[in-house]
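J.: Handing you this structure, nothing more for now.
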Amino acid sequence: MTAETLSQATQPRVRFAPSPTGYLHVGGARTALFNWLFARHTGGTFILRIEDTDFERSSEEMVEGILEGMRWIGLDWDEGPYFQSQRLELYRAAAEKLKTSGHAYPCFCTREELEQRRKEAAEAGRPSLYDRRCRRIPKAEAEERVAAGEAAALRFAVPEAGQTGFDDAVFGRVEFANAEIEDFVLLRSDGIPTYHLSVVADDVDMRLTHILRGADHISNTPKQVLLYDALAAELPVFAHVPLILGPDKTRLSKRHGATSVMAYAGMGIVPEAFRNFLALLGWTPGKGKDENGKDREVFSSAELIELFSLDGISKSNAVFDNDKLAWFSGEAIRALPVEELARRIAPFFAEAGLQAAPEKLLAVTPLIRERMKTLRDAVSVADFFFVEELAPYDAADLIPQKGDAALARRILVYAGTVLATSGFDAAALEQTLREAAAALGVKTGPMFQPIRVAVCGRKNAPPLFETMEVLGRATCLKRMEEAEAKLETIS
RNA sequence: GGCGCUAUCGUCUAGGGGUUAGGACGUGAGAUUCUCAAUCUUAAAACCCGGGUUCGAUUCCCGGUAGCGCUACCA
C-alpha cells in the first residue's frame with residue numbers, strides 16, 4: 001500500500017512532537033506552525049505529543065514553556081498533549097512484535113565497548129556503524145542470557161543489502177543504501193524505548209497521515225521507513241522542512257541571541273507578526289499578489305491557512321532576519337485597532353514602573369503607533385507622557401538649528417503667555433502656535449522645536465499639538481517654564 | 001571521514017531554455033512634513049564554478065566547490 005492510499009483515504013492527521021528538553025525555539029515553532037496550517041487548511045487534525053522519553057533531560061517546566069509558546073503564536077491543537085512517558089506499554093508491545101517477527105535482536109554490548117569500537121573505527125578511517133556482532137548470537141543463547149538477567153538493548157535488524165527510500169513531499173525521492181544504516185537501538189537496556197521506536201509506534205498508533213518535521217530528520221527517515229515495513233504499517237507522507245539558520249548561516253542557536261519563542265514576546269514582537277514571518281521563512285504562498293501585482297507578504301492567520309500548501313515549501317535553509325521580523329511587527333502594530341494596541345502596550349509600561357492609566361494610554365496610542373516596531377518601543381517613545389518629572393535632557397536641544405539660546409527663550413516665553421489662555425485641543429494649539437510663530441517672525445520648524453523639547457524632553461517626539469493636548473495645559477506650561485530656567489544656565 | 005540534502009541581490013524569495021531575472025526586508029537618494037516616524041517615488045544590489053545537452057543555458061544533466069544535516073542505549 002502506498003502513502004497515497006493512506007493520505008487519500010482519511011482526513012489528514014498531523015502532529016507536532018517536541019521534546020521538553022528546552023523551551024519552544026523558533027525552529028520548533030515553525031514546524032508546529034506548518035503542521036497547524038496544514039491541518040487547518042485541509043480540515044485535518046493537529047495533534048500535540050510530548051516526546052519525554054529522555055527522563056534526565058525532560059522537565060515539566062519545559063512542557064509548560066512549550067505550551068505557552070504555542071499559545072502565544074496562536075496555535076491550538078485538537079488532540080493531546082499526549083506524553084510518551086505514559087505510553088511506554090505501546091512501545092514495549094511494538095518491540096515485542098518486532099522481536100518475535102525476527103526484526104529485532106538483543107545486544108549485549110556495553111556502552112563502553114561500543115564507544116571504544118567507534119573510536120577505533122574512526123581512527124582507522126572506517127565507518128563507525130555498529131558491527132552487528134550480537135546479531136550473530138544464536139537465538140537460543142541470546143534468550144538464555146537475557147533470562148539470566150544480563151543487560152541487553154534491543155536492536156533492529158536492518159537488511160544487509162538493498163536500498164531504503166521514501167518520496168518526500170518537498171525533497172522528492174530520497175534513497176539510502178541499507179549498508180549505510182546501522183542496526184539502531186529500539187529499546188535501551190533499561191527498557192525505555194529510543195526515539196525511533198517511540199515515534200513510529202506513536203505515529204502508527206495515532207494514524208498520522210503526514211509527517212512534517214525539520215530536515216534534520218531526513219537521515220533518520222530510512223530507519224523509520226524500515227520500522228513501518230517491519231510493523232506492517234502504511235507509510236505516511238513525509239515532508240521535511242528546511243532548517244532555520246542564524247545570520248552566520250549556522251544552525252540557529254543560543255549564540256545568535258533569542259532562540260526561545262517567548263523571548264520575542266518579551267521583546268514586544270506582536271505574535272501575529274511572528275507567525276506571519278515564520279510562515280514565510282521557507283514557504284511561499286503560490287498566489288497572493290496585491291493590487292499592484294507585487295507579491296504580498298503580510299497575511300492574516302485566515303489567509304495563511306487558506307494559502308498554505310506543501311508545494312510552497314522550499315528546499316534550502318533560511319536565515320532568520322531580525323530586521324524583517326521587526327518590520328512585520330511594525331506592520332502588525334499599525335494594523336491593530338487602537339484599543340487593542342493600547343491594551344497590549346500596557347504591560348510594558350507597568351514593567352517599566354510607569355503608571356499608565358487606560359484612558360490616557362488610549363489617547364497616547366494613536367500618536368505613537370507608527371513610531372514603533374515592537375510593543376516595547378512604546379515605552380521609550382511615550383514615557384514622557386507618564387512621568388511627573390522629565391528625565392534630564394541637554395538644554396542645548398532647546399535651541400533651534402539656526403538660532404541661539406535667546407531665541408529659544410523668546411519662543412518659550414511668548415508661547416507660554418499665549419498658551420496660558422488659548423484653547424488646548426490640538427486644533428486650537430496648532431492655530432495659536434502658528435500665529436505665535438508669525439508674530440515672532442520665526443518659521444514653524446524653529447518655532448516648534450524648543451516647545452517640543454521642553455514638553456517632551458527630547459528632539460524626536462510624536463506630533464506636537466496632539467501631544468500637548470494629551471499632556472494638558474498645566475503640565476505643558478510647567479515644563480516650558482522649567483526649560484526657560486534650563487536655558488538660563490547656558491546663556 | 002562516510003552518507004544525505006541544498007545552492008538566484010547582504011537577507012527572505014519569484015521565475016524559468018531566449019526575460020530589462022520580478023517582489024519584500026535592509027541600505028542610499030528624493031518627496032511630504034513641526035521633529036522623528038509612517039507614507040510615496042527612486043537607486044544600487046543576485047542566477048557558486050567547470051564541463052556537457054542545445055541554435056541558445058541562470059534554468060536540464062554530470063562533476064567540483066561550499067554550506068547544512070545525520071553519523072548515541074538524545075530527541
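Naming scheme: A, B, ... for chains in displayed order of the C-alpha cells; residues 1 onward per chain; ligands 1 onward as shown.
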Within 10 Å of chain A, which residues belong to chain B? Use only C-alpha atoms (C1' of nucleotides) and report them as a VMD selection string.
T.: chain B and resid 1 to 7 11 to 14 22 to 26 33 to 38 67 to 75
J.: For those residues, write C-alpha atoms (C1' of nucleotides) to a file as a short mmCIF file (atom, residue, chain, number, x, y, z; two decimals), in the first residue's frame.
T.:
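Final output, saved to result_36.cif:
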data_model
loop_
_atom_site.label_atom_id
_atom_site.label_comp_id
_atom_site.auth_asym_id
_atom_site.auth_seq_id
_atom_site.Cartn_x
_atom_site.Cartn_y
_atom_site.Cartn_z
"C1'" G B 1 35.93 10.62 7.29
"C1'" G B 2 31.10 8.23 5.50
"C1'" C B 3 26.09 9.10 3.94
"C1'" G B 4 22.29 12.60 2.64
"C1'" C B 5 20.38 17.37 1.26
"C1'" U B 6 20.91 22.25 -0.75
"C1'" A B 7 22.88 26.36 -3.94
"C1'" U B 11 18.73 38.53 3.85
"C1'" C B 12 13.70 36.06 2.58
"C1'" U B 13 12.28 34.65 -2.15
"C1'" A B 14 9.58 34.59 -7.52
"C1'" G B 22 10.41 40.23 -10.54
"C1'" G B 23 8.94 41.32 -5.34
"C1'" A B 24 9.90 42.07 0.03
"C1'" C B 25 13.35 43.44 4.27
"C1'" G B 26 17.64 46.20 4.90
"C1'" U B 33 6.34 67.46 6.96
"C1'" C B 34 6.50 70.94 13.37
"C1'" U B 35 10.98 66.76 14.76
"C1'" C B 36 11.15 61.55 14.42
"C1'" A B 37 8.43 58.09 12.34
"C1'" A B 38 4.79 56.42 8.88
"C1'" G B 67 27.06 25.30 3.30
"C1'" C B 68 23.95 22.48 6.19
"C1'" G B 69 22.16 17.84 8.30
"C1'" C B 70 22.84 12.82 10.17
"C1'" U B 71 26.60 9.69 11.77
"C1'" A B 72 24.38 7.93 20.56
"C1'" C B 73 21.42 2.60 24.72
"C1'" C B 74 19.41 12.13 22.80
"C1'" A B 75 15.16 13.51 20.58
#
J.: If you run DSSP on this backbone, which residues of region 207-393 of chain A come out as helix (DSSP H, G or I), and could you give them as a PyMOL selection string?
T.: chain A and resi 215-230+254-256+261-267+271-279+301-307+310-312+322-335+338-351+358-371+377-385
J.: Tell me which protein, DNA and RNA residues are within 10 Å of Asn35 (chain A), counting only C-alpha atoms (C1' of nucleotides), leaving out same-chain ones fewer than 6 positions away, and put them as an mmCIF file with N, CA and C atoms, in the first residue's frame.
T.:
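Printed below is part.cif as written:
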data_model
loop_
_atom_site.group_PDB
_atom_site.id
_atom_site.type_symbol
_atom_site.label_atom_id
_atom_site.label_comp_id
_atom_site.auth_asym_id
_atom_site.auth_seq_id
_atom_site.Cartn_x
_atom_site.Cartn_y
_atom_site.Cartn_z
ATOM 1 N N ARG A 13 -4.002 13.726 9.354
ATOM 2 C CA ARG A 13 -3.713 13.807 10.784
ATOM 3 C C ARG A 13 -2.238 14.102 10.916
ATOM 4 N N VAL A 14 -1.918 15.192 11.534
ATOM 5 C CA VAL A 14 -0.521 15.584 11.672
ATOM 6 C C VAL A 14 -0.225 15.863 13.141
ATOM 7 N N ARG A 15 1.064 16.007 13.425
ATOM 8 C CA ARG A 15 1.415 16.245 14.821
ATOM 9 C C ARG A 15 2.632 17.148 14.933
ATOM 10 N N PHE A 16 2.716 17.757 16.091
ATOM 11 C CA PHE A 16 3.949 18.433 16.472
ATOM 12 C C PHE A 16 4.419 17.663 17.689
ATOM 13 N N ALA A 29 8.897 26.092 16.611
ATOM 14 C CA ALA A 29 7.681 26.884 16.423
ATOM 15 C C ALA A 29 7.252 26.853 14.965
ATOM 16 N N HIS A 41 -5.779 23.983 6.980
ATOM 17 C CA HIS A 41 -6.078 24.129 5.562
ATOM 18 C C HIS A 41 -6.874 22.944 5.035
ATOM 19 N N GLY A 44 -7.914 18.855 8.615
ATOM 20 C CA GLY A 44 -7.409 17.684 9.320
ATOM 21 C C GLY A 44 -7.271 17.925 10.812
ATOM 22 N N THR A 45 -6.572 17.002 11.437
ATOM 23 C CA THR A 45 -6.430 17.042 12.888
ATOM 24 C C THR A 45 -4.982 17.318 13.277
ATOM 25 N N PHE A 46 -4.814 18.245 14.195
ATOM 26 C CA PHE A 46 -3.478 18.606 14.666
ATOM 27 C C PHE A 46 -3.292 18.071 16.081
ATOM 28 N N ILE A 47 -2.285 17.236 16.223
ATOM 29 C CA ILE A 47 -2.055 16.549 17.493
ATOM 30 C C ILE A 47 -0.769 17.051 18.135
ATOM 31 N N LEU A 75 -1.386 28.887 18.199
ATOM 32 C CA LEU A 75 -1.608 27.536 17.700
ATOM 33 C C LEU A 75 -2.403 26.725 18.718
ATOM 34 N N HIS A 210 0.574 12.455 7.621
ATOM 35 C CA HIS A 210 1.653 13.286 7.096
ATOM 36 C C HIS A 210 2.603 13.633 8.231
ATOM 37 N N ILE A 211 3.876 13.498 7.947
ATOM 38 C CA ILE A 211 4.866 13.862 8.951
ATOM 39 C C ILE A 211 5.619 15.090 8.443
ATOM 40 N N LEU A 212 5.315 16.247 8.993
ATOM 41 C CA LEU A 212 6.030 17.472 8.641
ATOM 42 C C LEU A 212 6.989 17.746 9.771
ATOM 43 N N ARG A 213 8.246 17.773 9.478
ATOM 44 C CA ARG A 213 9.244 17.991 10.528
ATOM 45 C C ARG A 213 10.502 18.568 9.913
#
J.: Between CA of Tyr23 (chain A) and CA of Gly65 (chain A), what is the distance, to one decimal in Å?
T.: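 Atom-to-atom, CA of Tyr23 (chain A) and CA of Gly65 (chain A) are spaced 5.4 Å apart.
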J.: Where in region 207-375 of chain A does DSSP assign strand (DSSP E or B), given as a list in words?
T.: His210, Ile211, Leu212, Arg213, Gly214, Val237, Phe238, Ala239, His240, Val241, Ile244, Leu245, Arg251, Ser260, Trp283, Lys289, Asp295, Ile313, Ala318 and Val319 of chain A
J.: I need the residues from that last selection saved to file as a PDB file, in the first residue's frame (with N, CA and C atoms), if you can.
T.:
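Heads up, here's the output in result13.pdb:
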ATOM      1  N   HIS A 210       0.574  12.455   7.621  1.00  0.00           N
ATOM      2  CA  HIS A 210       1.653  13.286   7.096  1.00  0.00           C
ATOM      3  C   HIS A 210       2.603  13.633   8.231  1.00  0.00           C
ATOM      4  N   ILE A 211       3.876  13.498   7.947  1.00  0.00           N
ATOM      5  CA  ILE A 211       4.866  13.862   8.951  1.00  0.00           C
ATOM      6  C   ILE A 211       5.619  15.090   8.443  1.00  0.00           C
ATOM      7  N   LEU A 212       5.315  16.247   8.993  1.00  0.00           N
ATOM      8  CA  LEU A 212       6.030  17.472   8.641  1.00  0.00           C
ATOM      9  C   LEU A 212       6.989  17.746   9.771  1.00  0.00           C
ATOM     10  N   ARG A 213       8.246  17.773   9.478  1.00  0.00           N
ATOM     11  CA  ARG A 213       9.244  17.991  10.528  1.00  0.00           C
ATOM     12  C   ARG A 213      10.502  18.568   9.913  1.00  0.00           C
ATOM     13  N   GLY A 214      11.455  18.893  10.762  1.00  0.00           N
ATOM     14  CA  GLY A 214      12.681  19.526  10.301  1.00  0.00           C
ATOM     15  C   GLY A 214      13.503  18.621   9.398  1.00  0.00           C
ATOM     16  N   VAL A 237       2.974  10.290   4.494  1.00  0.00           N
ATOM     17  CA  VAL A 237       3.727  11.166   3.592  1.00  0.00           C
ATOM     18  C   VAL A 237       4.725  11.932   4.448  1.00  0.00           C
ATOM     19  N   PHE A 238       5.963  11.888   4.059  1.00  0.00           N
ATOM     20  CA  PHE A 238       6.959  12.679   4.777  1.00  0.00           C
ATOM     21  C   PHE A 238       7.150  14.005   4.064  1.00  0.00           C
ATOM     22  N   ALA A 239       7.236  15.059   4.827  1.00  0.00           N
ATOM     23  CA  ALA A 239       7.512  16.373   4.254  1.00  0.00           C
ATOM     24  C   ALA A 239       8.508  17.050   5.172  1.00  0.00           C
ATOM     25  N   HIS A 240       9.742  17.112   4.724  1.00  0.00           N
ATOM     26  CA  HIS A 240      10.774  17.721   5.566  1.00  0.00           C
ATOM     27  C   HIS A 240      10.940  19.189   5.235  1.00  0.00           C
ATOM     28  N   VAL A 241      11.066  19.954   6.265  1.00  0.00           N
ATOM     29  CA  VAL A 241      11.116  21.396   6.147  1.00  0.00           C
ATOM     30  C   VAL A 241      12.547  21.870   6.392  1.00  0.00           C
ATOM     31  N   ILE A 244      16.194  26.543   9.972  1.00  0.00           N
ATOM     32  CA  ILE A 244      16.366  27.976  10.162  1.00  0.00           C
ATOM     33  C   ILE A 244      17.768  28.236  10.695  1.00  0.00           C
ATOM     34  N   LEU A 245      18.446  29.161  10.029  1.00  0.00           N
ATOM     35  CA  LEU A 245      19.830  29.455  10.343  1.00  0.00           C
ATOM     36  C   LEU A 245      19.985  30.821  10.999  1.00  0.00           C
ATOM     37  N   ARG A 251      23.303  26.699  12.101  1.00  0.00           N
ATOM     38  CA  ARG A 251      22.003  26.406  12.665  1.00  0.00           C
ATOM     39  C   ARG A 251      21.711  27.348  13.839  1.00  0.00           C
ATOM     40  N   SER A 260      14.384  31.280  22.028  1.00  0.00           N
ATOM     41  CA  SER A 260      13.099  30.859  22.577  1.00  0.00           C
ATOM     42  C   SER A 260      12.008  31.793  22.073  1.00  0.00           C
ATOM     43  N   TRP A 283       8.666  29.050   3.162  1.00  0.00           N
ATOM     44  CA  TRP A 283       7.433  28.738   2.430  1.00  0.00           C
ATOM     45  C   TRP A 283       6.961  29.998   1.719  1.00  0.00           C
ATOM     46  N   LYS A 289      -0.942  38.209  -4.736  1.00  0.00           N
ATOM     47  CA  LYS A 289      -0.384  39.451  -5.271  1.00  0.00           C
ATOM     48  C   LYS A 289      -1.267  40.576  -4.762  1.00  0.00           C
ATOM     49  N   ASP A 295       4.151  40.790  -4.969  1.00  0.00           N
ATOM     50  CA  ASP A 295       3.896  39.683  -4.058  1.00  0.00           C
ATOM     51  C   ASP A 295       3.535  40.229  -2.692  1.00  0.00           C
ATOM     52  N   ILE A 313       6.768  24.869   0.011  1.00  0.00           N
ATOM     53  CA  ILE A 313       7.897  24.776   0.940  1.00  0.00           C
ATOM     54  C   ILE A 313       9.195  24.666   0.157  1.00  0.00           C
ATOM     55  N   ALA A 318      17.016  28.688   5.593  1.00  0.00           N
ATOM     56  CA  ALA A 318      16.751  30.118   5.571  1.00  0.00           C
ATOM     57  C   ALA A 318      17.331  30.811   6.794  1.00  0.00           C
ATOM     58  N   VAL A 319      17.897  31.964   6.563  1.00  0.00           N
ATOM     59  CA  VAL A 319      18.469  32.752   7.656  1.00  0.00           C
ATOM     60  C   VAL A 319      17.373  33.583   8.323  1.00  0.00           C
TER      61      VAL A 319
END
J.: Mind checking which residues fall within 12 Å of C49 (chain B), counting only C-alpha atoms (C1' of nucleotides), ignoring those fewer than 2 positions away in the same chain, and posting them as a VMD selection string?
T.: chain B and resid 7 51 63 to 66
J.: For those residues, write C-alpha atoms (C1' of nucleotides) to a file as a PDB file, in the first residue's frame.
T.:
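Okay, result.pdb is ready:
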ATOM      1  C1'   A B   7      22.885  26.361  -3.941  1.00  0.00           C
ATOM      2  C1'   G B  51      32.108  20.650 -18.306  1.00  0.00           C
ATOM      3  C1'   G B  63      31.471  16.846 -11.884  1.00  0.00           C
ATOM      4  C1'   G B  64      33.656  20.252  -8.465  1.00  0.00           C
ATOM      5  C1'   U B  65      33.244  23.598  -4.526  1.00  0.00           C
ATOM      6  C1'   A B  66      30.778  25.477  -0.437  1.00  0.00           C
TER       7        A B  66
END
